[in-house]
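Working notes, structure below.
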Amino acid sequence: MENNKNIPYGHQWIDRGDIKEVVKVLKSDWITQGPKVGEFEKAVAKYCKAKYAVAFSSGTSALYAAYKSAGLKQGDEVITTPLTFAATSNMIFFCGAKPVFVDINSDTLNVNPKLIEKRITSKTRAIAPVDFAGQPCDYDNIFKIAKKHKLLVIEDASHALGAEYKGKKVGSFSDMTILSFHPVKHITTGEGGMVLTNNKIFYEKLKIFRNHGMVKRPEKGKWYYEIETPSFNFRITDFQCALGISQLKKINSFIKRRREIALIYNNAFKNIKEIIIPTEKNYVKSSWHLYPIQVPAIHRRKIFDALHGSGIGAQVHYMPLHLHPFYMREFGYKQGDFPISEKYYERAITLPLFPSITKKEISFIIKKTKEKVIFYA
C-alpha cells in the first residue's frame, strides 16, 4: 500500500455542531415525524427557491412517490437516461411503467434533448432527466419538448443540490425535483431524500404517498383515516432532519470546496491527452457531486486497480442501465443501443471528491493518476 489510509471517492463531513443538534432531538419528546421534519423541508425549499418540499426516508422512496404522484400506472412510459443510478428507472418499473432510455451528450454526460422527441409515444407520460455528477441538464430544450407533448418533467437531482441552471437553483423549475441526502452527497441525513415542487396538488399527494397512502378525515374523528391508494412507510425521522438542518447551514461552503477541488483536478489533467476531463457548460453551475474522468478503455481496468492498490478509492459511475441483465431481459435492451453511454462507461473512472479531502490527498491522487495513466498508455 502506497498510501497510509484509503481515500474514499466520497465522504460525509460531520462536525460537533451536527452531533449536538442530533443529540438535542434524541433527548426531546419527538424522535420521528416531529417538528424537525417540517423545519428541514422549509429550509431546503427556501434554499432551492421551491414552494413546497416533502422529505422521505431515501432518494429512492422520493423518486417512487414523485412518480406515483404524477399518476404513473401500468403501461405508461417515462423517458430517462441509461447513465444513472438504478433507482431512477427501478422506481419507474415499480409503478408499472416502462423506462425508455435516450442516449447522452458526450460532453455533459446528460440526456441528449435532440434524441428525446424520437422516443415519445402515445404512452409517454413524463421525462425524467438526471443531473449527472452535479451538472444540470439542458432544461430549456427539455421543457420545450415537454410542453409540446404535454409531459411532466420529473428531475432526478440526487447529484445536484445547490447546482444552478442559468442562474436558477435546481429544485425551482421542474414539475418535481428529487434530492438525496446519502452520506456521499452534498449534505447528509444518513439516509434520506426529498421532493421539491411548486405544484400544491403534487405536494398533497406526496405527503400521502410518504405515509402508507393514508388520508386523514378529521370531520369523521381525530382518529379517522382512509387509504385510497396504498403506499409504504417512507417517513424520515426528526433526528435525521436535525442533522439535515445543521448540514444545510454549511451547504455553500461545501459546494465552494467541491468546485475548488474540481478546478484543481481540471488544471492538473487538462494537458494530458490520455485523460478526458469533465465538462461544465457556461450556463450552469455544477455542484460537483462526482469528478468522472475518462481514460483509454483498453487500460481502464488496470488503471482502476492500480489506483486502488495505491489506496485511492476510485469508483465507476455507472454501468449503463440497459446493460444490466434485468433491463435486457424485461425490456429487450441490448449492447449497442446507446453507444455514447457505453463508450463513456468503458473509459470512466470517478476520482475522490469531497469537502474534507486534504491538499496532501489531492496531490497524491493527481500524482498517482498521472503515473498510472501514462504508464499504461
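Residue numbering restarts at 1 for every chain of the C-alpha cells, chains are lettered A, B, ... in their displayed order, and ligands are numbered from 1 as they appear.
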Inset, instruction - Any chance you could list, as a PyMOL selection string, the residues in range 144-289 of chain A that come up strand (DSSP E or B) when DSSP is run on the backbone? - result: chain A and resi 152-156+164-165+168-169+176-180+193-197+211+214-216+225-227+233+237+276+284-285
Write out as CSV a residue-level contact list of range 24-114 of chain A versus range 176-191 of chain A with cut-off 10 Å: for each qualifying residue the closest pair of atoms and the distance in Å to one decimal, counting only C-alpha atoms, rows sorted by chain and residue number upward.
```
residue,atom,partner,partner_atom,distance
A:Val44,CA,A:Leu179,CA,10.0
A:Ala50,CA,A:Thr177,CA,9.5
A:Tyr52,CA,A:Met176,CA,9.8
A:Ala53,CA,A:Thr177,CA,9.4
A:Val54,CA,A:Ile178,CA,9.8
A:Ala55,CA,A:Leu179,CA,9.1
A:Phe56,CA,A:Glu191,CA,9.0
A:Ser57,CA,A:Glu191,CA,6.4
A:Ser58,CA,A:Glu191,CA,5.5
A:Gly59,CA,A:Ser180,CA,4.5
A:Thr60,CA,A:Ser180,CA,8.1
A:Ser61,CA,A:Ile178,CA,9.8
A:Ala62,CA,A:Ile178,CA,6.4
A:Leu63,CA,A:Ile178,CA,6.3
A:Tyr64,CA,A:Ile178,CA,10.0
A:Ala65,CA,A:Ile178,CA,9.9
A:Ala66,CA,A:Met176,CA,6.9
A:Tyr67,CA,A:Met176,CA,9.2
A:Ser69,CA,A:Met176,CA,9.6
A:Ala70,CA,A:Met176,CA,8.9
A:Thr88,CA,A:Ile178,CA,9.8
```
Legend entry - Test item: residues at most 7 Å from Cys95 in chain A, only C-alpha atoms, excluding those fewer than 5 positions along its chain, as a VMD selection string: chain A and resid 68 72 to 74
Inset, instruction - Report as a PyMOL selection string: the residues of range 232-315 of chain A with a DSSP assignment of alpha helix (DSSP H), based on the backbone of this structure. - result: chain A and resi 238-248+251-269+300-309
I'd like the neighbourhood of Ala146 in chain A as a tab-separated table (two decimals) with C-alpha atoms, in the first residue's frame, where a residue qualifies if any of its atoms comes within 12 Å (using only C-alpha atoms), though same-chain residues fewer than 4 positions away should be ignored.
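Output file out-v2.tsv follows:
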```
chain	number	residue	atom	x	y	z
A	78	VAL	CA	-41.08	7.59	-18.92
A	79	ILE	CA	-38.10	8.85	-20.91
A	113	PRO	CA	-32.65	16.51	-25.75
A	116	ILE	CA	-35.89	12.64	-26.71
A	117	GLU	CA	-38.63	13.53	-29.18
A	120	ILE	CA	-42.06	9.84	-27.41
A	124	THR	CA	-45.23	8.64	-22.71
A	125	ARG	CA	-46.23	10.48	-19.53
A	126	ALA	CA	-43.04	12.15	-18.33
A	127	ILE	CA	-39.38	12.93	-18.91
A	128	ALA	CA	-37.03	12.10	-16.02
A	129	PRO	CA	-33.72	13.88	-16.71
A	139	TYR	CA	-33.67	22.32	-19.47
A	140	ASP	CA	-34.72	24.95	-22.00
A	141	ASN	CA	-34.92	22.28	-24.68
A	142	ILE	CA	-36.32	19.63	-22.34
A	150	LYS	CA	-47.90	17.76	-22.54
A	151	LEU	CA	-45.42	15.77	-20.47
A	152	LEU	CA	-44.27	16.22	-16.90
A	153	VAL	CA	-40.60	16.83	-16.08
A	154	ILE	CA	-39.54	14.84	-13.01
A	174	SER	CA	-39.20	21.32	-12.79
A	175	ASP	CA	-42.63	19.84	-12.04
```
Inset, instruction - Find the residues near range 353-360 of chain A: any atom within 9 Å, counting only C-alpha atoms, skip ones fewer than 4 places away on the same chain, and give them as a list in words. - result: Ile7, Pro8, Tyr9, Gly10, His11, Gln12, Trp13, Val184, Lys185, His186, Ser253, Phe254, Ile255, Lys256, Arg257, Arg258, Ile261, Ala262, Trp288, His289, Leu290, Tyr291, Phe364 and Ile365 of chain A
Suppose we keep C-alpha atoms; can you now write the selection as a compact mmCIF listing (two decimals), in the first residue's frame?
```txt
# COMPACT_ATOMS: atom_id res chain seq x y z
CA ILE A 7 -9.14 7.68 0.34
CA PRO A 8 -12.84 7.07 -0.47
CA TYR A 9 -14.44 8.59 -3.56
CA GLY A 10 -16.93 10.41 -1.32
CA HIS A 11 -17.34 11.05 2.40
CA GLN A 12 -19.60 12.96 4.77
CA TRP A 13 -18.49 15.93 6.87
CA VAL A 184 -21.63 10.87 -0.16
CA LYS A 185 -23.99 13.66 -1.28
CA HIS A 186 -23.65 17.40 -0.64
CA SER A 253 -19.04 26.20 1.87
CA PHE A 254 -19.36 22.53 0.89
CA ILE A 255 -20.12 23.40 -2.73
CA LYS A 256 -17.42 26.07 -2.83
CA ARG A 257 -14.89 23.48 -1.69
CA ARG A 258 -16.12 20.90 -4.22
CA ILE A 261 -11.23 20.65 -5.91
CA ALA A 262 -12.71 20.15 -9.38
CA TRP A 288 -19.71 18.63 -8.44
CA HIS A 289 -21.06 15.58 -6.69
CA LEU A 290 -18.66 13.47 -8.76
CA TYR A 291 -15.45 14.04 -10.69
CA PHE A 364 -1.36 12.24 -4.05
CA ILE A 365 -4.41 11.39 -6.20
```
Inset, instruction - For Pro320 in chain A, list every protein, DNA or RNA residue within 12 Å, evaluated using only C-alpha atoms, and leave out those in the same chain fewer than 5 positions away; present the list as a VMD selection string. - result: chain A and resid 80 to 86 88 to 89 101 to 104 109 325 327 to 328 333 to 346 348
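The nearest approach to Val111 in chain A among the residues A:Glu280, A:Phe269, A:Asp138, A:Leu248, with only C-alpha atoms taken into account, belongs to A:Asp138.
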Inset, instruction - Please indicate the distance in Å from CA of Gln240 in chain A to CA of Ala45 in chain A, rounded to one decimal place. - result: 16.9 Å
Legend entry - A:Gly332, A:Gly17, A:Pro352, A:Pro292 ranked by distance to Pro278 in chain A, top pick (using only C-alpha atoms): A:Pro292
Inset, instruction - Quote the spacing between CA of Glu77 in chain A and CA of Val170 in chain A in Å to one decimal place. - result: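 Distance between the two atoms: 24.2 Å.
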Legend entry - Atom pair CA of Ser286 in chain A / CA of Asp15 in chain A: separation (Å): 24.8 Å
